[in-house]
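Trainee: The file below is entry_32.txt, compact mmCIF, C-alpha atoms and all ligand atoms:
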```txt
# COMPACT_ATOMS: atom_id res chain seq x y z
CA MET A 1 -28.44 14.43 -1.87
CA LYS A 2 -24.79 15.22 -1.05
CA VAL A 3 -22.12 12.81 -2.27
CA ASN A 4 -19.65 11.42 0.25
CA ILE A 5 -16.38 13.10 -0.75
CA ARG A 6 -14.33 10.15 0.52
CA GLU A 7 -15.55 7.96 -2.33
CA TYR A 8 -13.56 9.94 -4.90
CA SER A 9 -10.06 9.08 -5.99
CA LYS A 10 -7.69 12.05 -6.25
CA GLU A 11 -8.25 12.32 -10.00
CA GLU A 12 -12.04 12.19 -9.57
CA LEU A 13 -11.86 14.83 -6.85
CA ILE A 14 -9.87 17.16 -9.09
CA GLN A 15 -12.52 16.71 -11.81
CA GLN A 16 -15.32 17.38 -9.31
CA PHE A 17 -13.61 20.56 -8.15
CA GLU A 18 -12.86 21.78 -11.65
CA SER A 19 -16.48 21.24 -12.70
CA ARG A 20 -17.37 23.63 -9.84
CA LYS A 21 -14.68 26.12 -10.94
CA ILE A 22 -12.52 25.32 -7.89
CA PRO A 23 -8.81 25.09 -8.78
CA GLY A 24 -7.29 21.60 -8.89
CA PHE A 25 -4.68 22.41 -6.23
CA ARG A 26 -7.52 22.83 -3.72
CA ALA A 27 -8.63 19.27 -4.47
CA LYS A 28 -5.10 18.08 -3.67
CA GLN A 29 -5.17 19.97 -0.36
CA VAL A 30 -8.54 18.47 0.58
CA TYR A 31 -7.36 15.01 -0.47
CA GLN A 32 -4.39 15.32 1.86
CA TRP A 33 -6.54 16.43 4.76
CA LEU A 34 -8.83 13.46 4.21
CA TRP A 35 -6.25 10.74 3.75
CA SER A 36 -3.00 11.81 5.41
CA HIS A 37 -4.65 13.33 8.48
CA ARG A 38 -8.24 11.97 8.51
CA VAL A 39 -9.68 15.45 9.04
CA LEU A 40 -13.40 14.93 8.47
CA ASP A 41 -14.65 18.49 8.91
CA PHE A 42 -14.17 21.01 6.10
CA GLY A 43 -14.10 23.76 8.75
CA LYS A 44 -10.89 22.27 10.16
CA MET A 45 -9.02 22.25 6.85
CA SER A 46 -7.09 25.31 7.88
CA ASN A 47 -5.43 26.16 4.58
CA LEU A 48 -8.79 26.51 2.77
CA PRO A 49 -10.53 29.90 2.61
CA ASN A 50 -13.74 30.13 4.69
CA THR A 51 -15.89 30.57 1.59
CA LEU A 52 -14.56 27.33 0.12
CA GLN A 53 -15.05 25.47 3.43
CA SER A 54 -18.72 26.54 3.38
CA GLN A 55 -19.15 25.66 -0.28
CA LEU A 56 -17.73 22.18 0.29
CA SER A 57 -19.92 21.64 3.37
CA ASP A 58 -22.97 22.58 1.29
CA GLN A 59 -22.08 20.30 -1.59
CA PHE A 60 -20.41 17.21 -0.08
CA SER A 61 -20.87 14.99 2.93
CA ILE A 62 -18.03 13.23 4.78
CA GLU A 63 -19.04 9.79 6.06
CA GLU A 64 -17.05 7.85 8.65
CA ILE A 65 -17.21 4.74 10.81
CA THR A 66 -17.33 5.16 14.57
CA VAL A 67 -16.16 3.11 17.53
CA ASP A 68 -19.12 1.41 19.18
CA ILE A 69 -17.70 -1.14 21.64
CA ILE A 70 -14.17 -1.72 22.97
CA GLN A 71 -13.30 -4.97 24.72
CA ARG A 72 -9.92 -5.53 26.34
CA SER A 73 -8.63 -9.05 26.93
CA GLN A 74 -6.48 -10.09 29.85
CA ASP A 75 -3.79 -11.03 27.29
CA GLY A 76 -3.68 -7.46 25.93
CA THR A 77 -5.75 -8.07 22.81
CA ILE A 78 -8.26 -5.31 22.10
CA LYS A 79 -11.37 -5.93 20.09
CA VAL A 80 -13.32 -3.02 18.66
CA GLY A 81 -16.87 -3.13 17.35
CA PHE A 82 -17.36 -0.34 14.81
CA GLN A 83 -20.60 1.08 13.54
CA THR A 84 -20.97 2.02 9.89
CA PHE A 85 -22.96 4.96 8.49
CA ASP A 86 -25.83 2.55 7.72
CA GLN A 87 -25.80 1.17 11.28
CA GLU A 88 -24.10 -2.12 10.53
CA ALA A 89 -21.55 -3.73 12.84
CA ILE A 90 -18.00 -4.59 11.80
CA GLU A 91 -15.00 -5.41 13.89
CA GLY A 92 -11.29 -4.96 14.19
CA VAL A 93 -8.72 -6.29 16.64
CA ILE A 94 -5.34 -5.10 17.92
CA ILE A 95 -3.02 -7.95 18.82
CA PRO A 96 0.05 -6.85 20.81
CA LYS A 97 2.91 -9.32 20.81
CA ASP A 98 6.49 -8.53 21.79
CA ASP A 99 7.29 -5.38 19.82
CA ARG A 100 4.55 -5.92 17.23
CA TYR A 101 1.14 -4.28 17.33
CA THR A 102 -0.95 -5.90 14.64
CA ALA A 103 -4.36 -4.66 13.54
CA CYS A 104 -6.72 -7.23 12.08
CA ILE A 105 -9.36 -5.51 9.96
CA SER A 106 -12.56 -6.41 8.12
CA SER A 107 -13.27 -6.07 4.41
CA GLN A 108 -16.97 -6.98 4.19
CA ILE A 109 -20.04 -6.77 6.42
CA GLY A 110 -20.61 -10.47 7.03
CA CYS A 111 -19.20 -12.93 4.51
CA SER A 112 -20.68 -14.87 1.61
CA LEU A 113 -18.39 -17.85 2.05
CA ALA A 114 -19.73 -19.53 5.20
CA CYS A 115 -16.69 -21.57 6.23
CA THR A 116 -18.15 -24.00 8.72
CA PHE A 117 -15.76 -23.21 11.60
CA CYS A 118 -16.05 -19.42 11.41
CA ALA A 119 -18.40 -17.13 13.33
CA THR A 120 -18.53 -14.67 10.43
CA GLY A 121 -19.84 -17.49 8.25
CA PHE A 122 -23.10 -17.20 10.22
CA LEU A 123 -23.47 -13.55 9.20
CA ALA A 124 -24.88 -13.29 5.70
CA ARG A 125 -22.86 -10.90 3.57
CA LYS A 126 -24.69 -7.58 3.67
CA ARG A 127 -22.34 -5.52 1.58
CA ASN A 128 -18.73 -4.85 0.76
CA LEU A 129 -16.92 -2.20 2.76
CA PHE A 130 -15.78 0.93 1.00
CA ALA A 131 -12.05 1.64 0.88
CA TRP A 132 -12.58 4.54 3.31
CA GLU A 133 -14.28 2.22 5.81
CA ILE A 134 -11.29 -0.13 5.66
CA TYR A 135 -8.94 2.86 6.07
CA ASP A 136 -10.99 4.15 9.04
CA GLN A 137 -10.55 0.88 10.90
CA VAL A 138 -6.78 1.17 10.58
CA TYR A 139 -6.73 4.82 11.56
CA LEU A 140 -8.99 4.33 14.60
CA LEU A 141 -7.18 1.20 15.76
CA ASP A 142 -3.91 3.09 15.45
CA GLU A 143 -5.28 5.88 17.68
CA LEU A 144 -6.31 3.27 20.22
CA SER A 145 -2.95 1.53 20.04
CA LYS A 146 -1.20 4.84 20.75
CA LEU A 147 -3.48 5.48 23.72
CA ASP A 148 -3.30 2.01 25.26
CA PHE A 149 0.23 0.94 24.35
CA GLU A 150 1.91 4.24 23.50
CA GLN A 151 2.84 2.56 20.21
CA SER A 152 1.62 2.92 16.67
CA LEU A 153 0.45 -0.16 14.83
CA THR A 154 3.32 -2.03 13.26
CA ASN A 155 1.38 -4.47 11.05
CA ILE A 156 -1.97 -4.66 9.30
CA VAL A 157 -3.69 -7.91 8.37
CA TYR A 158 -6.84 -8.15 6.26
CA MET A 159 -8.02 -11.16 8.25
CA GLY A 160 -11.20 -9.95 9.95
CA MET A 161 -14.75 -10.31 8.68
CA GLY A 162 -15.17 -11.06 4.99
CA GLU A 163 -13.15 -12.29 2.04
CA PRO A 164 -10.95 -9.38 0.90
CA LEU A 165 -10.55 -10.69 -2.64
CA LEU A 166 -14.32 -10.73 -3.14
CA ASN A 167 -14.23 -6.97 -2.49
CA TYR A 168 -11.30 -6.58 -4.81
CA ASP A 169 -11.51 -2.99 -6.08
CA GLU A 170 -12.16 -1.36 -2.70
CA VAL A 171 -9.52 -3.51 -0.99
CA VAL A 172 -6.89 -2.56 -3.57
CA LYS A 173 -7.92 1.11 -3.28
CA SER A 174 -7.54 0.89 0.51
CA LEU A 175 -4.13 -0.79 0.17
CA ARG A 176 -2.89 2.05 -2.02
CA ILE A 177 -4.10 4.72 0.43
CA LEU A 178 -2.64 2.94 3.47
CA ASN A 179 0.66 2.50 1.65
CA ASP A 180 0.90 5.98 0.08
CA GLU A 181 3.68 7.89 1.84
CA LYS A 182 2.78 11.33 0.55
CA GLU A 183 -0.99 11.33 0.52
CA GLY A 184 -1.98 8.39 2.70
CA LEU A 185 -0.85 6.76 5.92
CA GLY A 186 2.57 5.66 4.65
CA ILE A 187 2.36 2.11 6.01
CA GLY A 188 5.06 -0.01 4.37
CA ALA A 189 3.76 -2.73 2.04
CA LYS A 190 5.90 -5.32 3.83
CA ARG A 191 3.89 -4.63 6.97
CA ILE A 192 0.55 -5.35 5.30
CA THR A 193 -0.86 -8.84 4.74
CA VAL A 194 -3.99 -9.74 2.79
CA SER A 195 -5.46 -13.06 3.79
CA THR A 196 -7.67 -14.92 1.34
CA SER A 197 -9.57 -18.17 1.45
CA GLY A 198 -8.35 -18.70 -2.12
CA VAL A 199 -9.97 -16.64 -4.88
CA ALA A 200 -7.53 -17.77 -7.55
CA ARG A 201 -8.24 -15.25 -10.31
CA ASN A 202 -7.92 -12.32 -7.91
CA ILE A 203 -4.71 -13.66 -6.37
CA ILE A 204 -3.28 -13.40 -9.89
CA ARG A 205 -4.64 -9.86 -10.35
CA LEU A 206 -3.27 -8.81 -6.97
CA ALA A 207 0.17 -10.10 -7.89
CA ASP A 208 0.12 -7.84 -10.93
CA GLU A 209 -0.98 -4.64 -9.10
CA GLY A 210 2.60 -3.64 -8.29
CA LEU A 211 1.87 -3.62 -4.57
CA LYS A 212 4.55 -5.36 -2.52
CA ILE A 213 2.19 -6.59 0.17
CA ASN A 214 2.25 -10.05 1.74
CA LEU A 215 -0.29 -12.73 1.01
CA ALA A 216 -1.69 -15.40 3.31
CA LEU A 217 -3.87 -18.31 2.25
CA SER A 218 -6.46 -19.57 4.72
CA LEU A 219 -5.77 -23.15 3.78
CA HIS A 220 -7.12 -25.10 6.79
CA ALA A 221 -7.11 -28.47 4.97
CA SER A 222 -4.56 -29.90 2.59
CA SER A 223 -6.72 -31.99 0.27
CA ASN A 224 -9.70 -30.93 -1.82
CA ASP A 225 -11.95 -33.50 -0.14
CA LYS A 226 -11.27 -32.25 3.36
CA ARG A 227 -11.23 -28.62 2.34
CA LEU A 228 -14.65 -28.99 0.71
CA GLU A 229 -16.08 -30.20 4.02
CA ILE A 230 -15.18 -26.99 5.80
CA MET A 231 -14.72 -24.36 3.08
CA ASP A 232 -17.35 -23.95 0.42
CA ILE A 233 -15.03 -21.85 -1.74
CA ASN A 234 -13.07 -24.99 -2.57
CA LYS A 235 -15.91 -25.98 -4.96
CA SER A 236 -15.19 -23.09 -7.31
CA ASN A 237 -11.52 -22.66 -6.38
CA PRO A 238 -9.98 -26.10 -5.84
CA LEU A 239 -6.33 -26.41 -4.89
CA GLU A 240 -5.37 -27.06 -8.56
CA LEU A 241 -6.34 -23.44 -9.26
CA VAL A 242 -5.24 -21.83 -6.00
CA ILE A 243 -1.71 -23.24 -5.74
CA PRO A 244 -0.63 -22.10 -9.25
CA ALA A 245 -2.13 -18.67 -8.52
CA LEU A 246 0.02 -18.47 -5.38
CA LYS A 247 3.05 -19.54 -7.38
CA HIS A 248 2.35 -16.68 -9.77
CA PHE A 249 2.08 -14.30 -6.79
CA TYR A 250 5.45 -15.49 -5.52
CA ASP A 251 7.10 -15.37 -8.94
CA VAL A 252 5.98 -11.77 -9.45
CA THR A 253 6.49 -10.34 -5.96
CA LYS A 254 9.15 -12.67 -4.49
CA ASN A 255 7.25 -12.36 -1.21
CA LYS A 256 7.03 -15.51 0.84
CA ILE A 257 3.44 -16.80 1.08
CA SER A 258 2.00 -17.92 4.40
CA TYR A 259 -0.54 -20.65 4.94
CA GLU A 260 -2.99 -20.28 7.81
CA TYR A 261 -4.07 -23.64 9.17
CA ILE A 262 -6.58 -23.91 12.02
CA LEU A 263 -6.19 -27.27 13.74
CA LEU A 264 -9.60 -28.88 14.29
CA SER A 265 -9.63 -31.99 16.40
CA GLY A 266 -10.25 -35.14 14.34
CA VAL A 267 -10.89 -33.10 11.16
CA ASN A 268 -7.54 -31.94 9.78
CA ASP A 269 -4.95 -32.68 12.47
CA SER A 270 -3.65 -36.16 11.59
CA GLU A 271 -0.08 -37.04 10.62
CA GLU A 272 -1.32 -37.76 7.09
CA ASP A 273 -2.82 -34.25 6.95
CA ALA A 274 0.57 -32.86 7.93
CA ARG A 275 2.32 -34.85 5.19
CA GLU A 276 -0.19 -33.64 2.58
CA LEU A 277 0.30 -30.10 3.79
CA ALA A 278 4.06 -30.48 3.31
CA THR A 279 3.51 -31.39 -0.35
CA LEU A 280 1.72 -28.04 -0.83
CA CYS A 281 4.82 -26.24 0.41
CA GLN A 282 7.16 -27.39 -2.32
CA ASP A 283 6.49 -25.12 -5.30
CA PHE A 284 7.49 -21.82 -3.67
CA PRO A 285 8.68 -20.61 -0.24
CA VAL A 286 5.90 -20.95 2.32
CA TYR A 287 5.57 -20.26 6.01
CA VAL A 288 2.88 -22.24 7.84
CA ASN A 289 1.03 -20.69 10.77
CA ILE A 290 -0.72 -23.35 12.80
CA ILE A 291 -3.60 -21.67 14.59
CA GLU A 292 -5.30 -22.89 17.71
CA TYR A 293 -9.05 -23.01 17.26
CA ASN A 294 -11.06 -20.31 19.04
CA PRO A 295 -14.36 -22.11 19.80
CA VAL A 296 -17.51 -20.63 18.28
CA ASP A 297 -20.96 -21.08 19.84
CA ASP A 298 -23.12 -23.74 18.12
CA VAL A 299 -20.26 -25.09 16.00
CA PRO A 300 -19.31 -28.76 16.43
CA TYR A 301 -15.52 -28.31 16.28
CA HIS A 302 -12.95 -28.56 19.01
CA LYS A 303 -9.40 -27.48 19.49
CA SER A 304 -6.82 -30.19 18.73
CA LYS A 305 -5.27 -32.02 21.63
CA LYS A 306 -1.79 -30.86 22.55
CA GLU A 307 -0.19 -34.21 21.59
CA HIS A 308 -1.83 -34.09 18.12
CA ARG A 309 -0.73 -30.51 17.61
CA ASP A 310 2.84 -31.31 18.64
CA LYS A 311 2.98 -34.36 16.35
CA PHE A 312 1.54 -32.34 13.45
CA LEU A 313 4.26 -29.75 13.91
CA GLU A 314 6.95 -32.40 14.26
CA VAL A 315 5.92 -34.05 10.95
CA LEU A 316 5.98 -30.69 9.16
CA ARG A 317 9.39 -29.80 10.51
CA SER A 318 10.78 -33.25 9.67
CA LEU A 319 9.73 -32.52 6.07
CA LYS A 320 11.60 -29.20 6.17
CA VAL A 321 8.48 -27.04 6.33
CA GLN A 322 8.87 -23.77 8.23
CA ALA A 323 5.99 -23.70 10.71
CA LYS A 324 5.01 -22.36 14.09
CA VAL A 325 1.98 -22.46 16.35
CA ARG A 326 0.10 -19.22 16.86
CA ARG A 327 -1.72 -19.15 20.17
CA SER A 328 -5.31 -18.11 20.05
CA ARG A 329 -5.67 -14.60 21.48
CA GLY A 330 -8.45 -12.72 23.21
CA LYS A 331 -10.50 -15.81 24.10
CA ASP A 332 -12.23 -13.95 26.94
CA ILE A 333 -13.48 -11.21 24.59
CA ASP A 334 -14.77 -13.13 21.55
CA ALA A 335 -11.78 -12.01 19.50
CA GLY A 336 -12.22 -14.73 16.86
CA CYS A 337 -13.35 -13.36 13.52
CA GLY A 338 -17.09 -12.54 13.55
CA GLN A 339 -17.67 -13.44 17.18
CA LEU A 340 -18.25 -9.92 18.45
CA ALA A 341 -20.44 -8.81 15.55
CA ASN A 342 -22.51 -11.97 16.02
CA LYS A 343 -23.19 -10.98 19.60
CA VAL A 344 -23.90 -7.28 19.07
CA LYS A 345 -26.33 -7.92 16.24
S1 LIG B 401 -13.03 -17.79 7.43
FE1 LIG B 401 -12.98 -15.86 6.24
S2 LIG B 401 -13.84 -16.48 4.24
FE2 LIG B 401 -14.44 -18.09 5.68
S3 LIG B 401 -16.49 -17.45 6.45
FE3 LIG B 401 -14.94 -16.64 7.89
S4 LIG B 401 -14.58 -14.56 7.15
FE4 LIG B 401 -15.55 -15.66 5.45
```
Hey, can you dump this file as structure tokens for me?
Ligand code: SF4
Mentor:
Amino acid sequence: MKVNIREYSKEELIQQFESRKIPGFRAKQVYQWLWSHRVLDFGKMSNLPNTLQSQLSDQFSIEEITVDIIQRSQDGTIKVGFQTFDQEAIEGVIIPKDDRYTACISSQIGCSLACTFCATGFLARKRNLFAWEIYDQVYLLDELSKLDFEQSLTNIVYMGMGEPLLNYDEVVKSLRILNDEKEGLGIGAKRITVSTSGVARNIIRLADEGLKINLALSLHASSNDKRLEIMDINKSNPLELVIPALKHFYDVTKNKISYEYILLSGVNDSEEDARELATLCQDFPVYVNIIEYNPVDDVPYHKSKKEHRDKFLEVLRSLKVQAKVRRSRGKDIDAGCGQLANKVK
């Protein structure tokens, strides 16, 4: 059985080559083809001798994800259903807005956390994605962005299917490859955001990785009681653990944290909810993104009324919280997290 060459780090690849009596500099060349240029055919690695190309083809495989479905929304949002090597469905989205082209990517197939308002919560977690599968989403979405918008992606958010910090090692590996200027895609850390539902111990680890990426917390409720109703993770990671972990992230990186807050009518959109949310914004600089709910089939939640949303925002601003409303995008193409994969299953 051939091993997928994309699972090796550069150091592991050098060891693999040396154990086959292939000089280490060849491993560096192959690594660059794989990660700077996403060349997935040894025969196209033009600075390798033909004999080496054949040897590598005999001894290694190169796996990839492929584009399965593309849906284009009237608002410009593009949703892509990808197929993995083991025939699973994952999804990524390109969100164009002004001069920003943001790719939202997945980190797991399904999700183990089952937040009650989320379509991905209905998909049992099948497995974690490999770093190269995360990288492929970015690369392929970037190609699509160049074709459709004549623009490269400007921002990457780990906000699609899955909880990135429950696939910690592969997510960190993918972040390093995306960020690596010489042997990766060279995407600036400031343009990458990891969004977590609040895995406190891994927020602390991530702070200490030396990556200068941004962090977003999917907060969605500002008290433990309310959060427990909609987000199971709050049982093991209550706010008393998550907020200090975020403070540590800020203290180490000095990057402003953002809170994602989906307004659900009658659930978390009262004035009292807004005041409680403001108290969670006091320990370190926070930006609050209020998100309009993208309805999910068979889920008993509704989008907040406009007057409730406006009042919520007004209370936050009166308490000096920086906040804005993010309109829901791609409603006509199931662009909410997990919605497409749910339908193509
Ligand atoms: S909101 Fe995120 S963490 Fe929660 S079920 Fe959906 S994908 Fe998983």
Trainee: May I have a table of the residues of range 75-186 of chain A lying at most 12 Å from range 38-45 of chain A, giving each one's closest pair of atoms and their distance in Å to one decimal, counting only C-alpha atoms, ordered by chain and ascending residue number, as CSV?
Mentor:
```
residue,atom,partner,partner_atom,distance
A:Trp132,CA,A:Arg38,CA,10.1
A:Glu133,CA,A:Arg38,CA,11.8
A:Tyr135,CA,A:Arg38,CA,9.5
A:Asp136,CA,A:Arg38,CA,8.3
A:Gln137,CA,A:Arg38,CA,11.6
A:Val138,CA,A:Arg38,CA,11.1
A:Tyr139,CA,A:Arg38,CA,7.9
A:Leu140,CA,A:Arg38,CA,9.8
A:Glu143,CA,A:Arg38,CA,11.4
A:Ile177,CA,A:Arg38,CA,11.6
A:Leu178,CA,A:Arg38,CA,11.8
A:Glu183,CA,A:Arg38,CA,10.8
A:Gly184,CA,A:Arg38,CA,9.3
A:Leu185,CA,A:Arg38,CA,9.4
```
Trainee: Which of these, A:Arg191, A:Lys182, A:His220, A:Lys28, has the shortest distance to ligand LIG 401 (chain B) once you count only C-alpha atoms and all ligand atoms?
Mentor: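 The closest residue to ligand LIG 401 (chain B) is A:His220.
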Trainee: Might you pull out every residue within 8 Å of Gln15 in chain A, with all atoms listed in the file counted and same-chain residues fewer than 4 positions away left off, and present them as a list of chain:residue names?
Mentor: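 Using all atoms listed in the file, the neighbours found are A:Glu11, A:Ser19, A:Gly24.
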Trainee: Emit the selected residues as a CSV table (one decimal), in the frame of the given file, including C-alpha atoms.
Mentor:
```
chain,number,residue,atom,x,y,z
A,11,GLU,CA,-8.2,12.3,-10.0
A,19,SER,CA,-16.5,21.2,-12.7
A,24,GLY,CA,-7.3,21.6,-8.9
```
Trainee: Please identify every polymer residue within 6 Å of ligand LIG 401 (chain B), using all atoms listed in the file, and present the set as a list in words.
Mentor: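 Answer in the requested format: Cys111, Leu113, Ala114, Cys115, Cys118, Thr120, Gly121, Met161, Gly162, Glu163 and Ser197 of chain A.
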Trainee: May I ask for the distance between CA of Ile78 in chain A and CA of Val93 in chain A, given in Å to one decimal place?
Mentor: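 Value for the CA of Ile78 in chain A-CA of Val93 in chain A distance: 5.6 Å.
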Trainee: Can you tell me which residues surround Gln55 in chain A at a distance of at most 12 Å, considering only C-alpha atoms, apart from same-chain residues fewer than 3 positions away, and format the answer as a VMD selection string?
Mentor: chain A and resid 2 17 20 to 22 42 to 43 48 to 52 58 to 61
Trainee: Find the residue from A:Ile94, A:Val288, A:Ile70, A:Leu129 that sits nearest to Phe149 in chain A; use only C-alpha atoms when measuring.
Mentor: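 Of all the options, A:Ile94 lies closest to Phe149 in chain A.
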Trainee: Select, from A:Leu228, A:Ser46, A:Asn294, A:Val299, the residue with the minimum atom-to-atom distance to Asn268 in chain A, counting all atoms listed in the file.
Mentor: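 Distance minimum relative to Asn268 in chain A lands on A:Leu228.
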Trainee: If I take CA of Asn155 in chain A and CA of Glu170 in chain A, how far is one from the other in Å, to one decimal?
Mentor: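 Value for the CA of Asn155 in chain A-CA of Glu170 in chain A distance: 19.5 Å.
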